[in-house]
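Novice: Got a structure for you, questions after.
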Amino acid sequence: MVKRRVHVAAAAIISADGREVLLARRPSNVDHGGLWEFPGGKLAPYETGLEGLKRELHEELGVEIQRAQPLIRIHHEYSDKHILLDVWQVHEFSGEPFGREGQAVRWVPMAELVNYPFPAANLPILKAVMLPTEYLITAEEEDEVLFLARLERALVEDGVRLVQLRAKTLDESAYLARAEQALALCRRFEARLLLNGAPELLSRLDADGIHLTSERLMSLERRPIAEGKWLSASTHDRGQLVQAGRLGCDFVTLSPLRTTPSHPEVAPMGWHDFQQLVERAAMPVFALGGMTRFDANHARAVGAQGIASIRDFWK
Ligand SMILES: Nc1nc2c([nH]c(=O)n2[C@@H]2O[C@H](COP(=O)(O)OP(=O)(O)OP(=O)(O)O)[C@@H](O)[C@H]2O)c(=O)[nH]1
Ligand SMILES: [Mg+2]
């Protein structure tokens with residue numbers, strides 16, 4: 001049987017304070033009936049993603065999109081069809097959303113999303129909705145006071161909400177001491193802190209997750225931490241992205257996009273190759289390698305969640 005290919009545009013409509021997202025429930029008599037979804041539907045043959053999404057949101061919710069940006073594209077094999085879910089983050093719309101087709105529509109707090117039953121293809125979309133567009137990776141820093149001051153500056157002034165504690169020069173006890181301080185600081189700003197190191201670190205400190213080096217990623221056979229924690233990984237090619245999918249990584253970095261002073265010998269992949277790799281990734285991907293916040297919109301346009309950087313945030 002040749003599977004149907006279905007291209008679906010869907011909307012992540014996030015409230016202005018970033019705390020809630022609008023979901024709809026599929027009627028019980030259709031495909032995936034009774035499950036919750038991001039409003040949207042199949043594109044007509046002549047439509048682009050955004051055109052189709054505008055039509056669908058008008059038909060299903062009675063709202064008009066003013067401003068939207070790509071969030072994530074997911075290819076998923078259902079038993080009867082290959083589906084491309086082309087998900088857009090709606091930043092501005094007019095009208096008061098309601099279920100024009102009789103479906104339930106509800107603003108759901110981010111923290112409760114995991115309790116809603118969705119179609120199988122939706123897991124990466126949930127991750128993308130919960131993640132910010134910027135991922136700070138901490139720099140090597142000898143002085144603890146300076147370390148905390150720089151981290152606090154990024155949280156306050158740049159509004160960073162996702163942090164990876166990377167400190168290759170510290171031994172385990174010094175690393176954990178720094179991590180404890182960093183975690184307390186991140187908690188004050190409702191930022192998430194991932195520890196770059198062995199998954200076992202989480203039993204020593206209750207941080208928000210673990211970031212795997214590509215080497216550790218390739219050496220693992222299954223997801224090393226609980227689903228309730230965040231698992232990210234460094235990737236550089238298709239094989240590593242596939243492995244990240246197998247392990248159930250919640251998101252990854254893909255690098256190097258540009259040449260960087262820290263890795264001058266590695267050939268950069270550039271936006272073209274980056275886009276091709278991201279298209280088939282099964283989770284949100286942050287562009288890494290010479291990125292600044294000014295690259296975030298372009299990164300989004302080629303399918304990324306956003307950008308990851310050390311230097312742009314470490315001042
Ligand atoms: N809108 C939407 N569809 C999803 C999501 N996740 C997911 O697997 N799908 C699948 O993508 C397809 C979307 O088709 P749809 O039934 O919404 O299409 P539509 O609005 O154009 O309706 P119609 O074709 O019945 O007129 C369905 O097979 C649905 O199960 C999601 O989050 N939002
Ligand atoms: Mg629909």
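Here's how to read the names in the structure tokens: chain A, B, ... by the order shown, residue numbers from 1 in each chain, ligand numbers from 1 in the order shown.
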Could the residues that lie within 10 Å of ligand 1, counting only C-alpha atoms and all ligand atoms, be listed as a ChimeraX atom specification?

Specialist: /A:6-12,23-27,30-33,35-44,52-53,55-57,59-60,74-78,80-87,118-123,125-126

Novice: Please dump the current selection as a tab-separated table (two decimals), in the first residue's frame; keep C-alpha atoms.

Specialist:
```
chain	number	residue	atom	x	y	z
A	6	VAL	CA	-0.91	14.68	4.18
A	7	HIS	CA	0.37	18.20	4.80
A	8	VAL	CA	-1.28	19.77	7.86
A	9	ALA	CA	-0.82	23.31	9.16
A	10	ALA	CA	-1.40	23.78	12.89
A	11	ALA	CA	-1.20	26.69	15.32
A	12	ALA	CA	0.52	27.09	18.67
A	23	LEU	CA	-6.00	23.64	22.43
A	24	ALA	CA	-9.02	22.18	20.68
A	25	ARG	CA	-10.56	18.75	21.04
A	26	ARG	CA	-11.17	16.68	17.94
A	27	PRO	CA	-14.79	15.59	17.51
A	30	VAL	CA	-13.14	11.79	13.08
A	31	ASP	CA	-9.57	10.49	12.84
A	32	HIS	CA	-7.97	10.68	16.33
A	33	GLY	CA	-11.39	11.60	17.68
A	35	LEU	CA	-7.86	13.66	21.40
A	36	TRP	CA	-6.64	17.23	21.90
A	37	GLU	CA	-4.84	19.08	19.11
A	38	PHE	CA	-3.33	22.31	17.97
A	39	PRO	CA	-6.05	23.89	15.83
A	40	GLY	CA	-5.52	23.60	12.09
A	41	GLY	CA	-6.06	21.21	9.24
A	42	LYS	CA	-5.08	19.88	5.85
A	43	LEU	CA	-3.76	22.25	3.23
A	44	ALA	CA	-5.57	22.59	-0.06
A	52	GLY	CA	-3.83	27.27	4.90
A	53	LEU	CA	-3.44	28.02	8.59
A	55	ARG	CA	-8.09	29.74	6.47
A	56	GLU	CA	-8.31	26.92	9.03
A	57	LEU	CA	-8.21	29.24	12.06
A	59	GLU	CA	-13.07	28.30	9.87
A	60	GLU	CA	-12.42	26.48	13.14
A	74	ILE	CA	7.23	17.13	12.18
A	75	HIS	CA	7.21	14.20	9.77
A	76	HIS	CA	5.34	11.26	11.26
A	77	GLU	CA	4.30	7.86	9.95
A	78	TYR	CA	0.80	6.84	10.96
A	80	ASP	CA	-2.37	4.75	7.06
A	81	LYS	CA	-0.55	7.96	6.13
A	82	HIS	CA	2.64	9.99	6.16
A	83	ILE	CA	1.88	13.28	7.80
A	84	LEU	CA	3.79	16.56	7.78
A	85	LEU	CA	2.70	18.74	10.66
A	86	ASP	CA	3.74	22.30	9.87
A	87	VAL	CA	3.34	24.14	13.16
A	118	PHE	CA	-2.71	14.08	21.91
A	119	PRO	CA	-2.18	12.21	18.63
A	120	ALA	CA	1.14	10.34	18.55
A	121	ALA	CA	2.83	12.86	16.24
A	122	ASN	CA	2.43	15.70	18.74
A	123	LEU	CA	5.09	15.02	21.37
A	125	ILE	CA	5.31	19.98	19.31
A	126	LEU	CA	4.63	19.98	23.05
```

Novice: Env of A:Thr260: 7 Å cut, atoms = only C-alpha atoms, seq-sep filter 2 positions within chain, self excluded. Answer as a list in words.

Specialist: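 Once the nearby chain positions are removed, what remains is Arg258, Ser262, His263, Pro264, Gly289 and Gly290 of chain A.
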
Novice: Can you spit out the residues from that selection as a PDB file, in the first residue's frame, using N, CA and C atoms?

Specialist:
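The result, written out as selection-v1.pdb:
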```pdb
ATOM      1  N   ARG A 258      28.409  28.074  12.125  1.00  0.00           N
ATOM      2  CA  ARG A 258      29.513  28.903  11.607  1.00  0.00           C
ATOM      3  C   ARG A 258      30.820  28.435  12.251  1.00  0.00           C
ATOM      4  N   SER A 262      36.339  28.685  19.362  1.00  0.00           N
ATOM      5  CA  SER A 262      36.584  27.514  20.208  1.00  0.00           C
ATOM      6  C   SER A 262      36.837  26.235  19.396  1.00  0.00           C
ATOM      7  N   HIS A 263      36.318  26.151  18.158  1.00  0.00           N
ATOM      8  CA  HIS A 263      36.530  24.960  17.313  1.00  0.00           C
ATOM      9  C   HIS A 263      36.960  25.377  15.901  1.00  0.00           C
ATOM     10  N   PRO A 264      38.120  26.040  15.758  1.00  0.00           N
ATOM     11  CA  PRO A 264      38.501  26.594  14.443  1.00  0.00           C
ATOM     12  C   PRO A 264      38.748  25.531  13.378  1.00  0.00           C
ATOM     13  N   GLY A 289      26.938  27.586  17.191  1.00  0.00           N
ATOM     14  CA  GLY A 289      28.204  27.825  16.493  1.00  0.00           C
ATOM     15  C   GLY A 289      28.204  29.209  15.874  1.00  0.00           C
ATOM     16  N   GLY A 290      28.717  30.203  16.617  1.00  0.00           N
ATOM     17  CA  GLY A 290      28.773  31.563  16.097  1.00  0.00           C
ATOM     18  C   GLY A 290      27.424  32.252  16.038  1.00  0.00           C
TER      19      GLY A 290
END
```

Novice: Which residue is closest to A:Val160? Choose from A:Met269, A:Leu176, A:Leu217, A:Cys186 and count only C-alpha atoms.

Specialist: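 Closest to A:Val160 of all the choices is A:Cys186.
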
Novice: What lies within 12 Å of stretch 308-314 of chain A using only C-alpha atoms, ignoring chain neighbours under 3 positions off, as a PyMOL selection string?

Specialist: chain A and resi 132-141+146-167+234+251-258+260-262+285-296+299+304-305

Novice: Taking C-alpha atoms for each residue, export the selection above as a PDB file, in the first residue's frame.

Specialist:
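To be explicit, this is the file written out as again_33.pdb:
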```pdb
ATOM      1  CA  PRO A 132      12.166  29.309  24.645  1.00  0.00           C
ATOM      2  CA  THR A 133      14.054  30.430  21.506  1.00  0.00           C
ATOM      3  CA  GLU A 134      17.372  30.901  23.306  1.00  0.00           C
ATOM      4  CA  TYR A 135      19.595  28.352  25.031  1.00  0.00           C
ATOM      5  CA  LEU A 136      22.479  29.708  27.115  1.00  0.00           C
ATOM      6  CA  ILE A 137      25.553  27.518  27.516  1.00  0.00           C
ATOM      7  CA  THR A 138      27.751  28.758  30.335  1.00  0.00           C
ATOM      8  CA  ALA A 139      31.394  29.672  29.651  1.00  0.00           C
ATOM      9  CA  GLU A 140      34.427  28.340  31.484  1.00  0.00           C
ATOM     10  CA  GLU A 141      34.925  30.724  34.395  1.00  0.00           C
ATOM     11  CA  LEU A 146      31.993  36.348  38.475  1.00  0.00           C
ATOM     12  CA  PHE A 147      30.276  33.197  37.230  1.00  0.00           C
ATOM     13  CA  LEU A 148      27.107  33.941  39.191  1.00  0.00           C
ATOM     14  CA  ALA A 149      27.157  37.627  38.258  1.00  0.00           C
ATOM     15  CA  ARG A 150      27.333  36.794  34.564  1.00  0.00           C
ATOM     16  CA  LEU A 151      24.625  34.190  34.797  1.00  0.00           C
ATOM     17  CA  GLU A 152      22.390  36.622  36.665  1.00  0.00           C
ATOM     18  CA  ARG A 153      23.009  39.321  34.059  1.00  0.00           C
ATOM     19  CA  ALA A 154      21.865  36.951  31.295  1.00  0.00           C
ATOM     20  CA  LEU A 155      18.741  35.983  33.251  1.00  0.00           C
ATOM     21  CA  VAL A 156      17.844  39.582  34.055  1.00  0.00           C
ATOM     22  CA  GLU A 157      18.911  41.536  30.991  1.00  0.00           C
ATOM     23  CA  ASP A 158      18.621  38.985  28.205  1.00  0.00           C
ATOM     24  CA  GLY A 159      15.625  37.179  29.686  1.00  0.00           C
ATOM     25  CA  VAL A 160      17.295  33.774  29.262  1.00  0.00           C
ATOM     26  CA  ARG A 161      15.102  30.911  30.551  1.00  0.00           C
ATOM     27  CA  LEU A 162      17.050  27.801  29.492  1.00  0.00           C
ATOM     28  CA  VAL A 163      20.595  27.207  30.736  1.00  0.00           C
ATOM     29  CA  GLN A 164      23.166  24.453  30.281  1.00  0.00           C
ATOM     30  CA  LEU A 165      25.874  24.361  32.923  1.00  0.00           C
ATOM     31  CA  ARG A 166      29.047  23.470  31.018  1.00  0.00           C
ATOM     32  CA  ALA A 167      32.263  23.448  33.041  1.00  0.00           C
ATOM     33  CA  SER A 234      24.953  17.889  21.257  1.00  0.00           C
ATOM     34  CA  PHE A 251      15.700  18.725  22.181  1.00  0.00           C
ATOM     35  CA  VAL A 252      19.225  19.015  20.749  1.00  0.00           C
ATOM     36  CA  THR A 253      21.838  21.474  19.608  1.00  0.00           C
ATOM     37  CA  LEU A 254      23.181  21.047  16.054  1.00  0.00           C
ATOM     38  CA  SER A 255      26.592  22.527  15.310  1.00  0.00           C
ATOM     39  CA  PRO A 256      28.740  24.138  14.104  1.00  0.00           C
ATOM     40  CA  LEU A 257      26.647  26.436  12.013  1.00  0.00           C
ATOM     41  CA  ARG A 258      29.513  28.903  11.607  1.00  0.00           C
ATOM     42  CA  THR A 260      33.957  29.567  15.975  1.00  0.00           C
ATOM     43  CA  PRO A 261      37.104  30.498  17.895  1.00  0.00           C
ATOM     44  CA  SER A 262      36.584  27.514  20.208  1.00  0.00           C
ATOM     45  CA  VAL A 285      16.808  21.818  17.358  1.00  0.00           C
ATOM     46  CA  PHE A 286      18.859  24.820  18.467  1.00  0.00           C
ATOM     47  CA  ALA A 287      21.422  26.224  16.005  1.00  0.00           C
ATOM     48  CA  LEU A 288      24.856  26.452  17.635  1.00  0.00           C
ATOM     49  CA  GLY A 289      28.204  27.825  16.493  1.00  0.00           C
ATOM     50  CA  GLY A 290      28.773  31.563  16.097  1.00  0.00           C
ATOM     51  CA  MET A 291      25.114  32.340  16.763  1.00  0.00           C
ATOM     52  CA  THR A 292      23.756  35.523  18.320  1.00  0.00           C
ATOM     53  CA  ARG A 293      20.215  36.524  19.248  1.00  0.00           C
ATOM     54  CA  PHE A 294      20.037  38.376  15.941  1.00  0.00           C
ATOM     55  CA  ASP A 295      20.145  34.978  14.211  1.00  0.00           C
ATOM     56  CA  ALA A 296      17.106  33.643  16.077  1.00  0.00           C
ATOM     57  CA  ALA A 299      17.012  30.058  12.611  1.00  0.00           C
ATOM     58  CA  ALA A 304      15.019  25.566  14.245  1.00  0.00           C
ATOM     59  CA  GLN A 305      13.642  26.210  17.707  1.00  0.00           C
TER      60      GLN A 305
END
```

Novice: Give the strand (DSSP E or B) residues of stretch 159-302 of chain A, as assigned by DSSP on the backbone, as a list in words.

Specialist: Leu162, Val163, Gln164, Leu165, Arg192, Leu193, Leu194, Leu195, Asn196, Gly209, Ile210, His211, Leu212, Trp230, Leu231, Ser232, Ala233, Ser234, Thr235, Phe251, Val252, Thr253, Leu254, Val285, Phe286, Ala287 and Leu288 of chain A

Novice: Between A:Leu185, A:Pro70, A:Asp17, A:Gln243, single out the one closest to A:Leu212, counting only C-alpha atoms.

Specialist: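 Counting only C-alpha atoms, the residue closest to A:Leu212 is A:Gln243.
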
Novice: Quick one, how far is atom CA of A:Leu231 from atom CA of A:Cys249?

Specialist: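 If I compute the distance from atom CA of A:Leu231 to atom CA of A:Cys249, I get 5.1 Å.
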
Novice: Write out as an MDAnalysis selection string each polymer residue whose atoms come within 9 Å of A:Thr213, counting only C-alpha atoms; drop sequence neighbours fewer than 4 positions from it.

Specialist: chainID A and resid 196:197 217:218 232:235

Novice: What does the structure give for the distance between atom CA of A:Asp237 and atom CA of A:Gly306, in Å to one decimal?

Specialist: 17.8 Å

Novice: May I have the residues within 10 Å of A:Ala184 as a tab-separated table (two decimals) with C-alpha atoms, in the first residue's frame, using only C-alpha atoms and disregarding those fewer than 6 positions away in the same chain?

Specialist:
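Result file around34.tsv:
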```tsv
chain	number	residue	atom	x	y	z
A	190	GLU	CA	11.79	30.36	36.59
A	191	ALA	CA	14.61	29.35	34.26
A	193	LEU	CA	18.97	24.40	34.36
A	207	ALA	CA	18.20	20.11	38.43
```

Novice: Determine, counting only C-alpha atoms, which protein, DNA and RNA residues have an atom within 12 Å of an atom of A:Arg204; residues of the same chain fewer than 4 positions away are not included. Present the result as a VMD selection string.

Specialist: chain A and resid 172 to 173 175 to 177 179 to 180 195 198 to 200

Novice: Which residue gives the smallest distance to ligand 2 among A:Arg187, A:Lys315, A:His211, A:His58, with only C-alpha atoms and all ligand atoms counted?

Specialist: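 Among A:Arg187, A:Lys315, A:His211, A:His58, it is A:His58 that comes nearest to ligand 2.
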
Novice: Give me, please, the distance in Å between atom CA of A:Lys229 and atom CA of A:Glu144, quoted to one decimal.

Specialist: 26.3 Å

Novice: Could you pull out the alpha helix (DSSP H) residues of stretch 26-127 of chain A from DSSP and send them as a list in words?

Specialist: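 Assigned to alpha helix (DSSP H), within stretch 26-127 of chain A: Gly49, Leu50, Glu51, Gly52, Leu53, Lys54, Arg55, Glu56, Leu57, His58, Glu59, Glu60, Leu61, Leu123, Pro124, Ile125, Leu126 and Lys127 of chain A.
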